[in-house]
Amino acid sequence: MAVIEVDMKRKLVEMALDARDLAYAPYSHHRVGAALLGKNGKIYTGCNVENAAFTPSNCAERTAVFKAVSEGEREFQAIAIVGGIGDRSELSICPPCGVCRQVLREFCPLDFPILLAKDPDHIESYTLEELLPLSFGPEFLPGEK
């Protein structure tokens with residue numbers, strides 16, 4: 001797993017918390033924020049955006065990845081994810097959904113660090129492989145990575 005300095009972990013969590021404040025979650029009230037550290041050093045944030053039809057909703061993690069990719073970034077160092085119902089003092093660990101794990105798998109190595117946090121003082125770190133074992137990635141397709 002890539003080594004991410006403690007100060008950077010805290011910064012990512014703080015930025016994910018700020019992104020969570022922008023979430024649009026009028027149906028579930030489960031607001032999520034993510035902060036994705038690009039290889040270029042830039043941090044891309046995202047929040048979840050719900051839709052009355054549910055299927056068109058988008059998770060915070062995918063919002064951050066899609067924002068980064070749309071700006072030309074394709075390699076990443078780490079992601080921090082925070083979420084839950086209620087205010088910041090009531091958060092618990094919020095792992096990414098299966099779709100978000102698969103999107104991360106498209107762009108990130110198996111040892112990619114995923115930081116799940118309640119706040120900057122309570123961070124759990126996992127690798128993508130731990131959260132998505134026996135995964136299917138681009139290397140299984142002909143002519144790809």
# chains A, B, ... in the order shown; residues from 1 in each chain; ligands from 1

call {"tool": "select_by_dssp", "arguments": {"residues": "chain A", "states": "strand (DSSP E)", "output": "VMD selection string"}}
result
chain A and resid 30 to 38 43 to 47 76 to 85 113 to 119 122 to 127

call {"tool": "write_last_selection", "arguments": {"atoms": "N, CA and C atoms", "output": "short mmCIF file (atom, residue, chain, number, x, y, z; two decimals), in the first residue's frame"}}
result
data_model
loop_
_atom_site.label_atom_id
_atom_site.label_comp_id
_atom_site.auth_asym_id
_atom_site.auth_seq_id
_atom_site.Cartn_x
_atom_site.Cartn_y
_atom_site.Cartn_z
N HIS A 30 -28.75 10.34 3.85
CA HIS A 30 -27.41 9.76 4.04
C HIS A 30 -26.46 10.54 3.15
N ARG A 31 -25.75 11.49 3.77
CA ARG A 31 -24.86 12.36 3.00
C ARG A 31 -23.44 11.81 3.06
N VAL A 32 -22.79 11.79 1.89
CA VAL A 32 -21.44 11.23 1.78
C VAL A 32 -20.55 12.23 1.06
N GLY A 33 -19.30 12.31 1.52
CA GLY A 33 -18.29 13.12 0.87
C GLY A 33 -17.05 12.29 0.62
N ALA A 34 -16.34 12.62 -0.44
CA ALA A 34 -15.09 11.92 -0.77
C ALA A 34 -14.06 12.94 -1.22
N ALA A 35 -12.80 12.63 -0.94
CA ALA A 35 -11.67 13.44 -1.40
C ALA A 35 -10.64 12.49 -1.98
N LEU A 36 -10.35 12.66 -3.25
CA LEU A 36 -9.49 11.77 -4.03
C LEU A 36 -8.19 12.49 -4.36
N LEU A 37 -7.07 11.90 -3.94
CA LEU A 37 -5.76 12.48 -4.18
C LEU A 37 -5.18 11.95 -5.48
N GLY A 38 -5.01 12.85 -6.45
CA GLY A 38 -4.44 12.47 -7.73
C GLY A 38 -2.93 12.31 -7.64
N ILE A 43 -6.30 17.46 -5.29
CA ILE A 43 -7.37 16.74 -4.60
C ILE A 43 -8.70 17.06 -5.27
N TYR A 44 -9.42 16.01 -5.63
CA TYR A 44 -10.73 16.13 -6.28
C TYR A 44 -11.78 15.68 -5.28
N THR A 45 -12.76 16.53 -5.03
CA THR A 45 -13.80 16.17 -4.06
C THR A 45 -15.09 15.80 -4.78
N GLY A 46 -15.94 15.09 -4.06
CA GLY A 46 -17.24 14.73 -4.60
C GLY A 46 -18.22 14.48 -3.47
N CYS A 47 -19.49 14.65 -3.78
CA CYS A 47 -20.56 14.35 -2.82
C CYS A 47 -21.60 13.49 -3.53
N PHE A 76 -4.16 7.74 -9.23
CA PHE A 76 -4.54 8.26 -7.93
C PHE A 76 -3.70 7.65 -6.82
N GLN A 77 -3.57 8.42 -5.72
CA GLN A 77 -2.77 7.99 -4.58
C GLN A 77 -3.60 7.46 -3.42
N ALA A 78 -4.79 8.02 -3.20
CA ALA A 78 -5.64 7.62 -2.06
C ALA A 78 -6.98 8.31 -2.18
N ILE A 79 -7.96 7.77 -1.44
CA ILE A 79 -9.27 8.42 -1.33
C ILE A 79 -9.72 8.35 0.12
N ALA A 80 -10.35 9.42 0.59
CA ALA A 80 -10.97 9.45 1.91
C ALA A 80 -12.48 9.54 1.71
N ILE A 81 -13.22 8.78 2.52
CA ILE A 81 -14.68 8.74 2.41
C ILE A 81 -15.28 8.92 3.80
N VAL A 82 -16.26 9.82 3.89
CA VAL A 82 -17.01 10.02 5.14
C VAL A 82 -18.49 10.06 4.79
N GLY A 83 -19.31 9.60 5.71
CA GLY A 83 -20.74 9.66 5.41
C GLY A 83 -21.61 9.18 6.53
N GLY A 84 -22.88 9.47 6.37
CA GLY A 84 -23.87 9.03 7.32
C GLY A 84 -25.02 10.01 7.44
N ILE A 85 -25.97 9.64 8.27
CA ILE A 85 -27.13 10.48 8.53
C ILE A 85 -26.82 11.32 9.76
N PRO A 113 -4.87 2.88 -1.29
CA PRO A 113 -5.42 3.13 0.05
C PRO A 113 -6.80 3.80 0.02
N ILE A 114 -7.72 3.21 0.75
CA ILE A 114 -9.06 3.76 0.93
C ILE A 114 -9.21 4.09 2.41
N LEU A 115 -9.36 5.37 2.70
CA LEU A 115 -9.44 5.85 4.08
C LEU A 115 -10.91 6.07 4.44
N LEU A 116 -11.37 5.34 5.42
CA LEU A 116 -12.74 5.47 5.90
C LEU A 116 -12.67 6.15 7.26
N ALA A 117 -13.43 7.23 7.42
CA ALA A 117 -13.26 8.02 8.64
C ALA A 117 -14.57 8.52 9.21
N LYS A 118 -14.56 8.73 10.53
CA LYS A 118 -15.64 9.43 11.22
C LYS A 118 -15.29 10.92 11.27
N ASP A 119 -14.00 11.19 11.45
CA ASP A 119 -13.45 12.54 11.54
C ASP A 119 -11.94 12.41 11.36
N HIS A 122 -10.22 9.78 13.61
CA HIS A 122 -10.67 8.39 13.57
C HIS A 122 -10.72 7.90 12.13
N ILE A 123 -9.58 7.38 11.68
CA ILE A 123 -9.42 6.96 10.29
C ILE A 123 -9.03 5.48 10.25
N GLU A 124 -9.74 4.72 9.45
CA GLU A 124 -9.38 3.32 9.19
C GLU A 124 -8.89 3.24 7.75
N SER A 125 -7.83 2.49 7.51
CA SER A 125 -7.26 2.39 6.18
C SER A 125 -7.36 0.96 5.66
N TYR A 126 -7.83 0.84 4.43
CA TYR A 126 -7.97 -0.46 3.77
C TYR A 126 -7.37 -0.35 2.37
N THR A 127 -7.01 -1.47 1.79
CA THR A 127 -6.61 -1.45 0.38
C THR A 127 -7.84 -1.77 -0.46
#

call {"tool": "closest_residue", "arguments": {"among": "A:Ile93, A:Phe140, A:Asn40, A:Gln102", "to": "Glu71 in chain A", "atoms": "only C-alpha atoms"}}
result
A:Asn40

call {"tool": "atom_distance", "arguments": {"atom1": "CA of Lys42 in chain A", "atom2": "CA of Arg101 in chain A"}}
result
21.0 Å

call {"tool": "select_by_dssp", "arguments": {"residues": "chain A", "states": "helix (DSSP H, G or I)", "output": "VMD selection string"}}
result
chain A and resid 6 to 20 60 to 70 88 to 90 98 to 107 128 to 131 138 to 140

call {"tool": "decode", "arguments": {"residues": "range 45-60 of chain A", "atoms": "all heavy atoms", "output": "mmCIF file, in the first residue's frame"}}
result
data_model
loop_
_atom_site.group_PDB
_atom_site.id
_atom_site.type_symbol
_atom_site.label_atom_id
_atom_site.label_comp_id
_atom_site.auth_asym_id
_atom_site.auth_seq_id
_atom_site.Cartn_x
_atom_site.Cartn_y
_atom_site.Cartn_z
ATOM 1 N N THR A 45 -12.759 16.527 -5.026
ATOM 2 C CA THR A 45 -13.802 16.169 -4.062
ATOM 3 C C THR A 45 -15.088 15.797 -4.784
ATOM 4 O O THR A 45 -15.297 16.156 -5.945
ATOM 5 C CB THR A 45 -14.074 17.323 -3.096
ATOM 6 O OG1 THR A 45 -14.485 18.462 -3.828
ATOM 7 C CG2 THR A 45 -12.838 17.641 -2.248
ATOM 8 N N GLY A 46 -15.938 15.089 -4.062
ATOM 9 C CA GLY A 46 -17.243 14.730 -4.598
ATOM 10 C C GLY A 46 -18.219 14.485 -3.471
ATOM 11 O O GLY A 46 -17.831 14.172 -2.348
ATOM 12 N N CYS A 47 -19.492 14.651 -3.775
ATOM 13 C CA CYS A 47 -20.556 14.345 -2.818
ATOM 14 C C CYS A 47 -21.598 13.494 -3.532
ATOM 15 O O CYS A 47 -21.607 13.423 -4.762
ATOM 16 C CB CYS A 47 -21.190 15.624 -2.273
ATOM 17 S SG CYS A 47 -22.029 16.625 -3.523
ATOM 18 N N ASN A 48 -22.451 12.847 -2.763
ATOM 19 C CA ASN A 48 -23.522 12.085 -3.396
ATOM 20 C C ASN A 48 -24.626 13.033 -3.842
ATOM 21 O O ASN A 48 -24.872 14.070 -3.235
ATOM 22 C CB ASN A 48 -24.057 10.972 -2.475
ATOM 23 C CG ASN A 48 -24.607 11.448 -1.154
ATOM 24 O OD1 ASN A 48 -24.038 12.312 -0.499
ATOM 25 N ND2 ASN A 48 -25.717 10.865 -0.746
ATOM 26 N N VAL A 49 -25.257 12.661 -4.960
ATOM 27 C CA VAL A 49 -26.349 13.444 -5.542
ATOM 28 C C VAL A 49 -27.486 12.473 -5.821
ATOM 29 O O VAL A 49 -27.365 11.617 -6.700
ATOM 30 C CB VAL A 49 -25.909 14.155 -6.840
ATOM 31 C CG1 VAL A 49 -27.060 14.949 -7.431
ATOM 32 C CG2 VAL A 49 -24.696 15.042 -6.591
ATOM 33 N N GLU A 50 -28.555 12.581 -5.045
ATOM 34 C CA GLU A 50 -29.699 11.677 -5.209
ATOM 35 C C GLU A 50 -30.667 12.193 -6.270
ATOM 36 O O GLU A 50 -30.614 13.354 -6.666
ATOM 37 C CB GLU A 50 -30.431 11.505 -3.875
ATOM 38 C CG GLU A 50 -29.601 10.779 -2.844
ATOM 39 C CD GLU A 50 -30.328 10.548 -1.536
ATOM 40 O OE1 GLU A 50 -31.420 11.129 -1.314
ATOM 41 O OE2 GLU A 50 -29.802 9.780 -0.721
ATOM 42 N N ASN A 51 -31.554 11.310 -6.681
ATOM 43 C CA ASN A 51 -32.565 11.617 -7.678
ATOM 44 C C ASN A 51 -33.845 10.908 -7.276
ATOM 45 O O ASN A 51 -33.789 9.783 -6.769
ATOM 46 C CB ASN A 51 -32.078 11.130 -9.050
ATOM 47 C CG ASN A 51 -32.989 11.532 -10.163
ATOM 48 O OD1 ASN A 51 -34.047 10.954 -10.351
ATOM 49 N ND2 ASN A 51 -32.570 12.527 -10.925
ATOM 50 N N ALA A 52 -34.977 11.512 -7.523
ATOM 51 C CA ALA A 52 -36.262 10.911 -7.145
ATOM 52 C C ALA A 52 -36.469 9.542 -7.779
ATOM 53 O O ALA A 52 -37.148 8.692 -7.206
ATOM 54 C CB ALA A 52 -37.414 11.840 -7.527
ATOM 55 N N ALA A 53 -35.866 9.301 -8.928
ATOM 56 C CA ALA A 53 -35.983 7.995 -9.591
ATOM 57 C C ALA A 53 -34.956 6.996 -9.064
ATOM 58 O O ALA A 53 -34.928 5.857 -9.512
ATOM 59 C CB ALA A 53 -35.818 8.155 -11.104
ATOM 60 N N PHE A 54 -34.117 7.386 -8.117
ATOM 61 C CA PHE A 54 -33.081 6.597 -7.453
ATOM 62 C C PHE A 54 -31.968 6.103 -8.368
ATOM 63 O O PHE A 54 -30.806 6.352 -8.108
ATOM 64 C CB PHE A 54 -33.673 5.429 -6.646
ATOM 65 C CG PHE A 54 -34.460 5.897 -5.470
ATOM 66 C CD1 PHE A 54 -35.834 5.734 -5.433
ATOM 67 C CD2 PHE A 54 -33.853 6.549 -4.412
ATOM 68 C CE1 PHE A 54 -36.580 6.200 -4.357
ATOM 69 C CE2 PHE A 54 -34.582 7.016 -3.335
ATOM 70 C CZ PHE A 54 -35.952 6.839 -3.304
ATOM 71 N N THR A 55 -32.261 5.407 -9.452
ATOM 72 C CA THR A 55 -31.220 4.859 -10.311
ATOM 73 C C THR A 55 -30.258 5.924 -10.831
ATOM 74 O O THR A 55 -29.057 5.670 -10.890
ATOM 75 C CB THR A 55 -31.843 4.066 -11.476
ATOM 76 O OG1 THR A 55 -32.699 3.067 -10.934
ATOM 77 C CG2 THR A 55 -30.787 3.397 -12.320
ATOM 78 N N PRO A 56 -30.705 7.117 -11.207
ATOM 79 C CA PRO A 56 -29.764 8.120 -11.705
ATOM 80 C C PRO A 56 -28.909 8.786 -10.618
ATOM 81 O O PRO A 56 -28.116 9.671 -10.919
ATOM 82 C CB PRO A 56 -30.653 9.168 -12.377
ATOM 83 C CG PRO A 56 -31.995 8.562 -12.498
ATOM 84 C CD PRO A 56 -32.091 7.507 -11.458
ATOM 85 N N SER A 57 -29.055 8.378 -9.383
ATOM 86 C CA SER A 57 -28.247 8.951 -8.308
ATOM 87 C C SER A 57 -26.774 8.625 -8.522
ATOM 88 O O SER A 57 -26.426 7.665 -9.213
ATOM 89 C CB SER A 57 -28.704 8.397 -6.955
ATOM 90 O OG SER A 57 -30.039 8.781 -6.694
ATOM 91 N N ASN A 58 -25.906 9.432 -7.917
ATOM 92 C CA ASN A 58 -24.469 9.194 -8.044
ATOM 93 C C ASN A 58 -23.814 9.331 -6.676
ATOM 94 O O ASN A 58 -24.108 10.262 -5.925
ATOM 95 C CB ASN A 58 -23.839 10.193 -9.023
ATOM 96 C CG ASN A 58 -22.529 9.685 -9.571
ATOM 97 O OD1 ASN A 58 -22.473 8.595 -10.114
ATOM 98 N ND2 ASN A 58 -21.483 10.461 -9.418
ATOM 99 N N CYS A 59 -22.914 8.408 -6.383
ATOM 100 C CA CYS A 59 -22.214 8.393 -5.105
ATOM 101 C C CYS A 59 -21.079 9.412 -5.081
ATOM 102 O O CYS A 59 -20.562 9.826 -6.122
ATOM 103 C CB CYS A 59 -21.639 7.007 -4.842
ATOM 104 S SG CYS A 59 -22.876 5.709 -4.698
ATOM 105 N N ALA A 60 -20.647 9.782 -3.894
ATOM 106 C CA ALA A 60 -19.571 10.752 -3.710
ATOM 107 C C ALA A 60 -18.263 10.279 -4.347
ATOM 108 O O ALA A 60 -17.553 11.059 -4.989
ATOM 109 C CB ALA A 60 -19.359 11.018 -2.226
#
